[in-house]
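Next comes query-v9.cif, with mmCIF, C-alpha atoms.
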```
data_model
loop_
_atom_site.label_atom_id
_atom_site.label_comp_id
_atom_site.auth_asym_id
_atom_site.auth_seq_id
_atom_site.Cartn_x
_atom_site.Cartn_y
_atom_site.Cartn_z
CA MET A 30 -10.74 -3.10 -30.75
CA ALA A 31 -7.28 -4.49 -31.36
CA LYS A 32 -5.25 -5.10 -28.22
CA VAL A 33 -1.62 -5.22 -27.23
CA ARG A 34 -0.95 -8.56 -25.58
CA ALA A 35 1.93 -10.44 -24.05
CA ALA A 36 2.07 -14.12 -23.10
CA LEU A 37 4.84 -15.31 -20.84
CA GLY A 38 6.05 -18.56 -19.41
CA ILE A 39 7.52 -17.84 -16.00
CA SER A 40 8.84 -19.83 -13.07
CA ALA A 41 7.18 -19.85 -9.66
CA ASP A 42 9.80 -17.31 -8.58
CA GLY A 43 9.02 -14.96 -11.45
CA PHE A 44 11.74 -15.56 -14.01
CA GLY A 45 10.91 -15.63 -17.72
CA ALA A 46 14.30 -16.95 -18.78
CA GLY A 47 17.20 -18.61 -17.03
CA PRO A 48 20.70 -17.20 -16.60
CA GLU A 49 23.53 -17.52 -19.15
CA GLN A 50 21.63 -17.20 -22.42
CA SER A 51 23.69 -18.72 -25.26
CA LEU A 52 23.42 -20.32 -28.65
CA ASN A 53 22.76 -23.65 -26.95
CA ASP A 54 20.47 -22.16 -24.32
CA PRO A 55 18.52 -19.40 -26.04
CA LEU A 56 16.25 -19.18 -22.99
CA GLY A 57 19.14 -19.47 -20.55
CA LYS A 58 19.89 -22.42 -18.31
CA ARG A 59 16.70 -24.42 -17.67
CA GLY A 60 14.69 -21.72 -19.44
CA ARG A 61 13.27 -24.22 -21.90
CA GLU A 62 11.45 -26.00 -19.06
CA LEU A 63 9.30 -22.89 -18.65
CA HIS A 64 7.55 -23.97 -21.83
CA ASP A 65 7.09 -27.66 -21.06
CA TRP A 66 3.37 -26.98 -20.62
CA GLN A 67 2.98 -26.16 -24.31
CA PHE A 68 5.33 -28.60 -26.05
CA GLY A 69 2.84 -31.47 -25.86
CA THR A 70 -0.15 -29.51 -27.12
CA ARG A 71 -1.77 -29.99 -30.52
CA THR A 72 -1.16 -26.33 -31.38
CA PHE A 73 2.56 -26.61 -30.72
CA GLN A 74 2.88 -29.96 -32.48
CA THR A 75 1.09 -28.54 -35.53
CA MET A 76 3.38 -25.51 -35.44
CA ILE A 77 6.44 -27.74 -35.75
CA GLY A 78 4.83 -29.85 -38.47
CA ARG A 79 3.81 -32.87 -36.41
CA GLU A 80 0.53 -34.73 -35.91
CA GLY A 81 -1.33 -35.20 -32.65
CA GLY A 82 -0.82 -33.46 -29.34
CA SER A 83 -3.11 -32.70 -26.42
CA GLU A 84 -6.37 -30.76 -26.40
CA GLY A 85 -7.57 -28.91 -23.32
CA MET A 86 -6.68 -25.73 -21.48
CA ASP A 87 -2.93 -25.83 -22.16
CA ASN A 88 -3.68 -26.18 -25.84
CA ASP A 89 -6.23 -23.35 -25.75
CA PHE A 90 -3.76 -21.01 -24.07
CA CYS A 91 -0.99 -22.04 -26.45
CA ALA A 92 -3.24 -21.25 -29.42
CA ARG A 93 -4.25 -17.90 -27.98
CA SER A 94 -0.62 -17.00 -27.42
CA MET A 95 0.18 -17.50 -31.11
CA ARG A 96 -3.03 -16.59 -32.98
CA GLY A 97 -4.91 -13.40 -33.66
CA PHE A 98 -1.83 -11.25 -34.06
CA GLY A 99 -1.17 -9.00 -37.03
CA ALA A 100 2.28 -7.96 -35.86
CA PHE A 101 4.88 -8.87 -33.24
CA ILE A 102 7.49 -6.82 -31.40
CA MET A 103 10.61 -8.35 -29.91
CA GLY A 104 13.89 -7.21 -28.46
CA ARG A 105 17.06 -7.93 -30.30
CA ASN A 106 18.14 -10.42 -27.62
CA MET A 107 15.11 -12.51 -28.41
CA PHE A 108 15.89 -12.42 -32.12
CA GLY A 109 19.38 -13.74 -31.52
CA PRO A 110 22.56 -13.79 -29.46
CA ILE A 111 24.49 -11.33 -31.66
CA ARG A 112 25.37 -7.95 -30.14
CA GLY A 113 26.61 -4.80 -31.90
CA ASP A 114 26.72 -4.55 -35.68
CA TRP A 115 25.23 -7.33 -37.75
CA PRO A 116 27.89 -9.59 -39.26
CA ALA A 117 28.10 -10.11 -43.04
CA GLU A 118 26.61 -13.59 -42.85
CA ALA A 119 23.49 -12.46 -41.19
CA TRP A 120 21.85 -14.34 -38.34
CA ASP A 121 18.27 -15.05 -39.36
CA GLY A 122 16.71 -16.06 -36.08
CA TRP A 123 16.24 -19.25 -34.06
CA TRP A 124 13.27 -20.57 -35.95
CA GLY A 125 14.47 -22.00 -39.30
CA PRO A 126 13.25 -20.84 -42.72
CA ASN A 127 9.57 -20.55 -41.72
CA PRO A 128 9.27 -18.93 -38.27
CA PRO A 129 6.03 -19.33 -36.28
CA TYR A 130 4.92 -15.68 -36.56
CA HIS A 131 3.46 -15.45 -40.09
CA ALA A 132 3.25 -11.67 -39.81
CA PRO A 133 5.61 -8.70 -39.60
CA VAL A 134 7.97 -8.91 -36.62
CA PHE A 135 9.47 -5.62 -35.42
CA VAL A 136 12.89 -6.16 -33.87
CA LEU A 137 14.06 -3.36 -31.56
CA THR A 138 17.70 -2.55 -32.30
CA HIS A 139 19.99 0.44 -32.64
CA HIS A 140 21.86 -1.30 -35.43
CA PRO A 141 20.29 -0.82 -38.88
CA ARG A 142 19.67 -3.80 -41.08
CA GLN A 143 17.50 -4.47 -44.14
CA THR A 144 14.17 -6.16 -43.65
CA LEU A 145 14.55 -9.93 -43.64
CA VAL A 146 11.76 -11.65 -45.57
CA MET A 147 11.27 -15.33 -44.84
CA GLU A 148 8.76 -18.06 -45.70
CA GLY A 149 5.19 -18.18 -44.45
CA GLY A 150 4.47 -14.46 -44.39
CA ASN A 151 7.29 -13.75 -41.94
CA SER A 152 9.24 -10.54 -42.22
CA PHE A 153 11.67 -9.17 -39.65
CA ARG A 154 11.90 -5.38 -39.65
CA PHE A 155 14.78 -3.88 -37.68
CA VAL A 156 13.66 -0.64 -36.09
CA SER A 157 15.42 1.86 -33.88
CA GLY A 158 12.61 4.22 -32.81
CA SER A 159 11.19 4.60 -29.31
CA ILE A 160 9.09 1.70 -28.04
CA GLY A 161 6.00 3.90 -28.49
CA ASP A 162 6.86 4.68 -32.12
CA VAL A 163 7.53 1.03 -32.87
CA LEU A 164 4.20 0.10 -31.33
CA GLU A 165 2.45 2.57 -33.63
CA GLN A 166 4.17 1.01 -36.65
CA ALA A 167 3.21 -2.45 -35.45
CA LYS A 168 -0.41 -1.41 -34.90
CA ALA A 169 -0.55 0.04 -38.42
CA ALA A 170 0.83 -3.20 -39.81
CA ALA A 171 -1.58 -5.31 -37.74
CA GLY A 172 -4.76 -3.59 -38.88
CA ASP A 173 -7.69 -5.07 -36.96
CA LEU A 174 -5.59 -7.77 -35.38
CA ASP A 175 -3.75 -7.64 -32.05
CA VAL A 176 -0.10 -6.80 -31.53
CA LYS A 177 2.00 -9.14 -29.45
CA ILE A 178 4.92 -7.99 -27.36
CA ALA A 179 6.75 -11.26 -27.90
CA GLY A 180 9.72 -10.81 -25.56
CA GLY A 181 12.26 -11.03 -24.08
CA MET A 182 11.67 -10.00 -20.54
CA SER A 183 13.43 -6.65 -20.88
CA THR A 184 11.21 -5.66 -23.80
CA VAL A 185 8.04 -6.74 -22.03
CA ARG A 186 9.11 -4.84 -18.92
CA GLN A 187 9.69 -1.68 -20.96
CA TYR A 188 6.24 -1.85 -22.56
CA LEU A 189 4.62 -2.70 -19.25
CA ARG A 190 6.30 0.18 -17.47
CA ALA A 191 5.16 2.54 -20.25
CA GLY A 192 1.56 1.40 -19.76
CA LEU A 193 1.31 0.09 -23.32
CA ILE A 194 0.14 -3.48 -22.66
CA ASP A 195 -3.59 -4.29 -22.40
CA GLU A 196 -3.50 -7.98 -21.56
CA LEU A 197 -0.96 -10.30 -19.93
CA HIS A 198 -1.12 -14.07 -19.93
CA PHE A 199 1.18 -15.84 -17.51
CA ALA A 200 1.79 -19.57 -17.69
CA ILE A 201 3.49 -20.24 -14.37
CA SER A 202 5.42 -23.49 -14.06
CA PRO A 203 6.02 -25.29 -10.75
CA MET A 204 9.78 -24.74 -10.85
CA PHE A 205 12.24 -22.32 -9.26
CA LEU A 206 15.04 -20.82 -11.34
CA GLY A 207 16.54 -18.67 -8.60
CA ARG A 208 18.08 -16.25 -11.08
CA GLY A 209 17.76 -15.21 -14.69
CA GLU A 210 15.54 -12.67 -16.40
CA SER A 211 12.93 -11.52 -13.92
CA LEU A 212 9.66 -10.34 -15.30
CA LEU A 213 7.81 -9.31 -12.18
CA GLU A 214 10.44 -7.80 -9.92
CA GLY A 215 9.48 -4.25 -9.01
CA PHE A 216 6.09 -4.38 -10.73
CA ASP A 217 2.82 -3.81 -8.92
CA LEU A 218 0.36 -5.09 -11.50
CA PRO A 219 -2.81 -4.10 -9.59
CA ALA A 220 -1.41 -0.56 -9.21
CA LEU A 221 -0.82 -0.51 -12.97
CA GLY A 222 -4.54 -1.17 -13.43
CA PHE A 223 -4.45 -4.92 -14.06
CA SER A 224 -6.85 -7.40 -12.55
CA VAL A 225 -7.17 -11.15 -12.96
CA THR A 226 -9.85 -11.88 -15.57
CA GLU A 227 -9.17 -15.58 -16.16
CA LYS A 228 -7.40 -18.38 -14.37
CA ALA A 229 -6.96 -22.07 -15.01
CA LEU A 230 -4.74 -24.67 -13.40
CA THR A 231 -3.72 -27.68 -15.46
CA ASP A 232 -1.43 -30.59 -14.65
CA THR A 233 1.58 -28.60 -15.83
CA ALA A 234 0.99 -24.87 -15.36
CA MET A 235 -1.05 -22.22 -13.60
CA HIS A 236 -2.52 -19.89 -16.21
CA VAL A 237 -3.51 -16.38 -15.18
CA VAL A 238 -4.76 -13.68 -17.53
CA LEU A 239 -4.65 -10.06 -16.36
CA THR A 240 -6.51 -7.32 -18.18
CA LYS A 241 -6.08 -3.61 -17.78
CA GLY A 242 -8.81 -1.09 -17.13
CA MET B 5 15.18 -37.28 11.56
CA ALA B 6 13.06 -34.33 12.59
CA LYS B 7 12.95 -31.51 10.08
CA VAL B 8 12.42 -27.79 10.12
CA ARG B 9 9.60 -26.96 7.74
CA ALA B 10 7.67 -23.96 6.53
CA ALA B 11 4.42 -23.88 4.58
CA LEU B 12 3.38 -20.69 2.89
CA GLY B 13 0.46 -19.42 0.90
CA ILE B 14 1.80 -16.92 -1.60
CA SER B 15 0.45 -14.96 -4.55
CA ALA B 16 1.64 -15.50 -8.12
CA ASP B 17 3.84 -12.45 -7.62
CA GLY B 18 5.46 -13.83 -4.49
CA PHE B 19 3.71 -12.09 -1.61
CA GLY B 20 2.83 -14.03 1.53
CA ALA B 21 0.66 -11.26 3.00
CA GLY B 22 -0.98 -8.15 1.65
CA PRO B 23 -0.16 -4.58 2.63
CA GLU B 24 -1.65 -2.72 5.61
CA GLN B 25 -1.88 -5.47 8.20
CA SER B 26 -4.40 -4.53 10.88
CA LEU B 27 -6.79 -5.98 13.41
CA ASN B 28 -9.38 -6.41 10.66
CA ASP B 29 -6.86 -7.65 8.10
CA PRO B 30 -4.34 -9.74 10.01
CA LEU B 31 -2.90 -10.93 6.70
CA GLY B 32 -3.06 -7.49 5.14
CA LYS B 33 -5.40 -6.37 2.38
CA ARG B 34 -6.56 -9.37 0.33
CA GLY B 35 -4.10 -11.56 2.23
CA ARG B 36 -6.87 -13.89 3.35
CA GLU B 37 -7.46 -14.93 -0.27
CA LEU B 38 -4.01 -16.53 -0.27
CA HIS B 39 -5.56 -19.27 1.85
CA ASP B 40 -8.77 -19.82 -0.12
CA TRP B 41 -7.32 -23.14 -1.31
CA GLN B 42 -7.47 -24.57 2.21
CA PHE B 43 -10.67 -23.12 3.68
CA GLY B 44 -12.86 -25.70 1.95
CA THR B 45 -10.81 -28.73 2.92
CA ARG B 46 -11.87 -31.34 5.44
CA THR B 47 -8.75 -30.68 7.52
CA PHE B 48 -9.52 -26.99 7.82
CA GLN B 49 -13.22 -27.55 8.48
CA THR B 50 -12.36 -30.04 11.23
CA MET B 51 -9.90 -27.55 12.70
CA ILE B 52 -12.65 -24.96 13.11
CA GLY B 53 -15.08 -27.54 14.50
CA ARG B 54 -17.20 -28.14 11.41
CA GLU B 55 -18.23 -31.25 9.52
CA GLY B 56 -17.45 -32.08 5.92
CA GLY B 57 -15.01 -30.42 3.56
CA SER B 58 -13.09 -31.61 0.51
CA GLU B 59 -10.66 -34.49 0.23
CA GLY B 60 -7.87 -34.53 -2.33
CA MET B 61 -4.53 -32.81 -2.80
CA ASP B 62 -5.50 -29.48 -1.23
CA ASN B 63 -6.67 -31.35 1.85
CA ASP B 64 -3.50 -33.47 1.93
CA PHE B 65 -1.29 -30.38 1.79
CA CYS B 66 -3.40 -28.59 4.37
CA ALA B 67 -3.04 -31.56 6.73
CA ARG B 68 0.71 -31.74 6.20
CA SER B 69 1.04 -28.04 6.90
CA MET B 70 -0.57 -28.47 10.34
CA ARG B 71 0.39 -31.98 11.47
CA GLY B 72 3.59 -33.67 12.58
CA PHE B 73 4.94 -30.66 14.43
CA GLY B 74 6.18 -30.74 18.03
CA ALA B 75 6.83 -27.01 18.18
CA PHE B 76 6.20 -23.83 16.21
CA ILE B 77 8.14 -20.59 15.85
CA MET B 78 6.52 -17.34 14.83
CA GLY B 79 7.37 -13.67 14.70
CA ARG B 80 5.65 -11.30 17.03
CA ASN B 81 3.80 -9.70 14.12
CA MET B 82 2.16 -13.03 13.39
CA PHE B 83 1.12 -13.40 17.01
CA GLY B 84 -0.60 -10.04 16.96
CA PRO B 85 -0.68 -6.41 15.91
CA ILE B 86 0.71 -5.03 19.17
CA ARG B 87 4.17 -3.41 19.05
CA GLY B 88 6.47 -2.50 21.94
CA ASP B 89 5.65 -3.49 25.53
CA TRP B 90 2.73 -5.81 26.17
CA PRO B 91 -0.28 -3.94 27.56
CA ALA B 92 -1.81 -4.93 30.87
CA GLU B 93 -4.79 -6.60 29.24
CA ALA B 94 -2.73 -8.97 27.27
CA TRP B 95 -3.44 -9.84 23.67
CA ASP B 96 -3.74 -13.63 23.45
CA GLY B 97 -3.53 -14.20 19.69
CA TRP B 98 -5.94 -14.31 16.77
CA TRP B 99 -7.14 -17.84 17.31
CA GLY B 100 -9.58 -17.89 20.23
CA PRO B 101 -9.18 -19.96 23.40
CA ASN B 102 -7.96 -23.12 21.59
CA PRO B 103 -5.45 -22.19 18.86
CA PRO B 104 -4.72 -24.70 16.07
CA TYR B 105 -1.14 -25.46 17.14
CA HIS B 106 -1.59 -27.90 20.06
CA ALA B 107 2.10 -27.66 20.92
CA PRO B 108 4.54 -25.07 22.26
CA VAL B 109 4.70 -21.94 20.10
CA PHE B 110 7.85 -19.83 20.42
CA VAL B 111 7.12 -16.17 19.74
CA LEU B 112 10.18 -14.09 18.81
CA THR B 113 10.09 -10.79 20.69
CA HIS B 114 12.42 -8.44 22.53
CA HIS B 115 9.67 -7.70 25.02
CA PRO B 116 9.49 -10.18 27.92
CA ARG B 117 6.20 -11.73 28.86
CA GLN B 118 5.13 -14.77 30.86
CA THR B 119 4.30 -17.95 29.00
CA LEU B 120 0.66 -17.96 27.94
CA VAL B 121 -0.96 -21.35 28.42
CA MET B 122 -4.16 -21.96 26.50
CA GLU B 123 -6.51 -24.85 25.79
CA GLY B 124 -5.65 -27.87 23.66
CA GLY B 125 -1.98 -28.16 24.55
CA ASN B 126 -1.17 -24.69 23.29
CA SER B 127 1.45 -22.60 25.06
CA PHE B 128 2.97 -19.39 23.76
CA ARG B 129 6.51 -18.80 24.99
CA PHE B 130 7.93 -15.33 24.42
CA VAL B 131 11.62 -15.59 23.66
CA SER B 132 14.27 -13.00 22.89
CA GLY B 133 17.27 -15.12 21.88
CA SER B 134 18.83 -15.34 18.42
CA ILE B 135 16.81 -17.22 15.82
CA GLY B 136 19.31 -20.08 16.08
CA ASP B 137 18.97 -20.31 19.86
CA VAL B 138 15.20 -20.25 19.62
CA LEU B 139 15.31 -23.04 17.03
CA GLU B 140 17.36 -25.14 19.44
CA GLN B 141 14.77 -24.57 22.16
CA ALA B 142 11.99 -25.48 19.74
CA LYS B 143 13.78 -28.64 18.62
CA ALA B 144 14.25 -29.70 22.24
CA ALA B 145 10.55 -29.14 22.88
CA ALA B 146 9.55 -30.98 19.68
CA GLY B 147 11.47 -34.17 20.42
CA ASP B 148 11.10 -36.51 17.45
CA LEU B 149 8.58 -34.29 15.72
CA ASP B 150 9.26 -31.52 13.20
CA VAL B 151 9.52 -27.83 13.96
CA LYS B 152 7.46 -25.43 11.88
CA ILE B 153 8.58 -21.91 11.10
CA ALA B 154 5.02 -20.65 11.07
CA GLY B 155 5.54 -17.07 9.87
CA GLY B 156 5.24 -14.27 9.14
CA MET B 157 7.25 -13.62 6.06
CA SER B 158 10.02 -11.73 7.86
CA THR B 159 10.58 -14.63 10.25
CA VAL B 160 10.60 -17.20 7.44
CA ARG B 161 13.03 -15.04 5.47
CA GLN B 162 15.39 -14.82 8.46
CA TYR B 163 15.42 -18.59 8.97
CA LEU B 164 15.80 -19.20 5.25
CA ARG B 165 18.71 -16.79 4.97
CA ALA B 166 20.40 -18.48 7.91
CA GLY B 167 20.11 -21.86 6.17
CA LEU B 168 17.97 -23.31 8.95
CA ILE B 169 14.96 -24.55 6.93
CA ASP B 170 14.94 -28.08 5.46
CA GLU B 171 11.65 -28.09 3.58
CA LEU B 172 9.43 -25.42 2.07
CA HIS B 173 5.90 -25.94 0.86
CA PHE B 174 4.44 -23.19 -1.29
CA ALA B 175 0.75 -23.04 -2.13
CA ILE B 176 0.70 -20.48 -4.90
CA SER B 177 -2.65 -18.86 -5.68
CA PRO B 178 -3.60 -17.44 -9.09
CA MET B 179 -3.79 -13.87 -7.83
CA PHE B 180 -1.52 -10.82 -7.89
CA LEU B 181 -1.18 -8.67 -4.79
CA GLY B 182 1.32 -6.19 -6.24
CA ARG B 183 2.66 -5.26 -2.83
CA GLY B 184 2.75 -6.58 0.70
CA GLU B 185 5.12 -8.93 2.47
CA SER B 186 7.34 -10.54 -0.14
CA LEU B 187 8.68 -13.94 0.62
CA LEU B 188 10.83 -14.64 -2.39
CA GLU B 189 12.38 -11.32 -3.31
CA GLY B 190 16.15 -11.60 -3.32
CA PHE B 191 16.20 -15.36 -2.67
CA ASP B 192 17.81 -17.85 -5.03
CA LEU B 193 16.36 -21.09 -3.70
CA PRO B 194 18.39 -23.42 -5.99
CA ALA B 195 21.58 -21.63 -4.89
CA LEU B 196 20.53 -22.22 -1.28
CA GLY B 197 20.46 -25.93 -2.04
CA PHE B 198 16.73 -26.41 -2.57
CA SER B 199 15.22 -28.46 -5.37
CA VAL B 200 11.61 -29.25 -6.22
CA THR B 201 10.73 -32.66 -4.78
CA GLU B 202 6.94 -32.54 -5.21
CA LYS B 203 4.45 -30.60 -7.22
CA ALA B 204 0.69 -30.75 -7.64
CA LEU B 205 -1.74 -28.40 -9.33
CA THR B 206 -5.31 -28.36 -8.10
CA ASP B 207 -8.28 -26.23 -9.13
CA THR B 208 -7.25 -23.55 -6.65
CA ALA B 209 -3.49 -23.60 -6.11
CA MET B 210 -0.15 -24.72 -7.42
CA HIS B 211 1.62 -26.68 -4.70
CA VAL B 212 5.40 -26.97 -4.83
CA VAL B 213 7.57 -28.62 -2.18
CA LEU B 214 11.27 -27.79 -2.11
CA THR B 215 13.74 -29.85 -0.10
CA LYS B 216 17.28 -28.97 0.78
CA GLY B 217 20.34 -31.13 0.24
#
```

Target format structure tokens, applied to this file:
Amino acid sequence: MAKVRAALGISADGFGAGPEQSLNDPLGKRGRELHDWQFGTRTFQTMIGREGGSEGMDNDFCARSMRGFGAFIMGRNMFGPIRGDWPAEAWDGWWGPNPPYHAPVFVLTHHPRQTLVMEGGNSFRFVSGSIGDVLEQAKAAAGDLDVKIAGGMSTVRQYLRAGLIDELHFAISPMFLGRGESLLEGFDLPALGFSVTEKALTDTAMHVVLTKG
Amino acid sequence: MAKVRAALGISADGFGAGPEQSLNDPLGKRGRELHDWQFGTRTFQTMIGREGGSEGMDNDFCARSMRGFGAFIMGRNMFGPIRGDWPAEAWDGWWGPNPPYHAPVFVLTHHPRQTLVMEGGNSFRFVSGSIGDVLEQAKAAAGDLDVKIAGGMSTVRQYLRAGLIDELHFAISPMFLGRGESLLEGFDLPALGFSVTEKALTDTAMHVVLTKG
């Protein structure tokens, strides 16, 4: 049965993005380092059109975090730094003409905008319903495939709090951000029904998968 | 120059002990699992009088977390589960007749008690001064050796907040406790002047050392 999954790079102190998100720092200050574990992998290198890259557990987890999804859901802050109404020259994301999703991406926003169709099977649909309604739309679009709650932290926290996520993969990096977007603060994952079903420590990250139920 | 150090086993969600500490669960429910990484090491096995055990990074960190100290400081809750006045048949700790400290241990308490001298160079001194005063006493006792803020979490948090810790070693286990004694909540370690000076990922834990200044 199709699942709702999230995959998150977090710091050892639980932050999924650094402070002061901006055009130059879409993941906030030092937030990019949270993903160092995946940049060198074959999956990531292929995704950005390059040869080579590492095999192994980091690569496996990177592949799992991108594949098998028929739809994605993200918050507007993950789609871009623009707030309020969309300007005439529309922002079209951080990812260039062919984003890495290759499926419908539902962007949570209160500001209406026409669907943005891009290369590679990517389409960004701007939706203003409740998170539950949007999940139903995403599931319908995904068919037999999984739905990924792509981010940012606020969106993942909303879905987690609502009990709508089945599987969480954390890639925890050996760094401390001190402040930024906290994923874990206030959450008791065992009390929400999650238990650790997989773990793997590599040279660069501690991977933990939690599954509900 | 002698340093003030702390070494802490914490969960991936930042807890240094589980909930419901008791005589049977001195580290709270599931808290013992936070130390799985060290139980198999040669250093730990030697400490409990057994042969064998693993070499490698876990063993190195285990050794560093126990050696080089001329004095220890702990909260009363780490010394034992008794609250209020000391009963006539005095509790003498969790560790048997020869505790693993082999140096003076300063126990923070408002309840006076005579120094408890045990085998192997262990002495427990029950002190009611401010945490700063007690640290001065511990430094004087330690001479050229380091002082360890041994725990529990509340004691480490107090010393950390007061800016009195020079080095922190975290051994982070791939488990989620959900609740218990949080070490990190509310702390911005980079803002307190700490930066990561060492990191090592083993099969069982992610080790991160932070140094101040």

Skip Met61 in chain B itself and residues of its chain fewer than 2 positions away, then list as number ranges by chain all residues within 12 Å of it, counting all atoms listed in the file. B: 41-42, 44-47, 58-59, 63-68, 175, 202-212

Applied to the shown file, which residues does the PyMOL selection byres ((chain A) within 7 of (chain B)) return, written as an MDAnalysis selection string? chainID A and resid 42:43 203:204 206:208 213 216:220 225 228 230:232 235 237

Find, counting only C-alpha atoms, the residue in B:Met70, B:Glu140, B:Gly22, B:Ala94 that gets nearest to His106 in chain B.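 Residue with the minimum atom-to-atom distance to His106 in chain B: B:Met70.
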
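For the set A:Val163, A:Ile111, A:Val134, A:Met182, the residue with the smallest atom-to-atom gap to Asn151 in chain A is A:Val134, counting all atoms listed in the file.
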
Residues selected by the PyMOL selection byres ((chain B and resi 76) around 9), written as an MDAnalysis selection string: chainID B and resid 73:75 77:78 105 107:111 142 146 150:154

Applying the PyMOL selection byres ((chain B and resi 216) around 6) to the file I just gave you, which residues come out? Please list them as a PyMOL selection string. chain B and resi 170+197-198+215+217

So the first atom is CA of Phe48 in chain B and the second is CA of Arg71 in chain B; what is the distance between them in Å, to one decimal place?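 A separation of 11.7 Å between them.
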
For CA of Arg112 in chain A and CA of Gly192 in chain A, the interatomic separation in Å (one decimal): 27.6 Å

Restricted to C-alpha atoms, what does range 159-216 of chain A look like when written out as a short mmCIF file (atom, residue, chain, number, x, y, z; two decimals), in the first residue's frame?
```cif
data_model
loop_
_atom_site.label_atom_id
_atom_site.label_comp_id
_atom_site.auth_asym_id
_atom_site.auth_seq_id
_atom_site.Cartn_x
_atom_site.Cartn_y
_atom_site.Cartn_z
CA SER A 159 -6.30 21.97 4.44
CA ILE A 160 -3.22 19.78 4.72
CA GLY A 161 -5.54 16.75 4.82
CA ASP A 162 -7.33 17.77 1.63
CA VAL A 163 -4.05 18.42 -0.14
CA LEU A 164 -2.80 15.00 0.93
CA GLU A 165 -5.89 13.40 -0.61
CA GLN A 166 -5.23 15.22 -3.88
CA ALA A 167 -1.60 14.15 -3.79
CA LYS A 168 -2.54 10.52 -3.10
CA ALA A 169 -4.97 10.56 -6.03
CA ALA A 170 -2.24 11.95 -8.26
CA ALA A 171 0.32 9.42 -7.00
CA GLY A 172 -1.75 6.32 -7.69
CA ASP A 173 0.14 3.28 -6.40
CA LEU A 174 3.25 5.27 -5.61
CA ASP A 175 4.16 6.96 -2.33
CA VAL A 176 3.61 10.60 -1.45
CA LYS A 177 6.52 12.57 -0.09
CA ILE A 178 6.12 15.42 2.36
CA ALA A 179 9.13 17.22 0.94
CA GLY A 180 9.47 20.09 3.41
CA GLY A 181 10.19 22.56 4.85
CA MET A 182 10.23 21.84 8.52
CA SER A 183 6.98 23.67 9.24
CA THR A 184 5.12 21.59 6.67
CA VAL A 185 6.59 18.33 7.93
CA ARG A 186 5.71 19.30 11.50
CA GLN A 187 2.11 20.01 10.50
CA TYR A 188 1.71 16.63 8.80
CA LEU A 189 3.45 14.86 11.65
CA ARG A 190 1.27 16.51 14.26
CA ALA A 191 -1.84 15.53 12.26
CA GLY A 192 -0.71 11.90 12.26
CA LEU A 193 -0.52 11.77 8.47
CA ILE A 194 3.06 10.52 8.00
CA ASP A 195 3.80 6.77 7.87
CA GLU A 196 7.58 6.77 7.59
CA LEU A 197 10.34 9.19 8.56
CA HIS A 198 13.94 8.97 7.44
CA PHE A 199 16.41 11.13 9.30
CA ALA A 200 19.94 11.69 8.05
CA ILE A 201 21.61 13.23 11.09
CA SER A 202 24.85 15.09 10.50
CA PRO A 203 27.56 15.53 13.15
CA MET A 204 27.11 19.30 13.35
CA PHE A 205 25.34 21.72 15.67
CA LEU A 206 23.38 24.63 14.22
CA GLY A 207 22.18 26.05 17.54
CA ARG A 208 19.17 27.74 15.93
CA GLY A 209 17.11 27.58 12.78
CA GLU A 210 14.11 25.49 11.83
CA SER A 211 13.67 22.79 14.43
CA LEU A 212 12.05 19.60 13.35
CA LEU A 213 11.92 17.64 16.56
CA GLU A 214 11.22 20.19 19.26
CA GLY A 215 8.08 19.25 21.14
CA PHE A 216 7.60 15.94 19.34
#
```
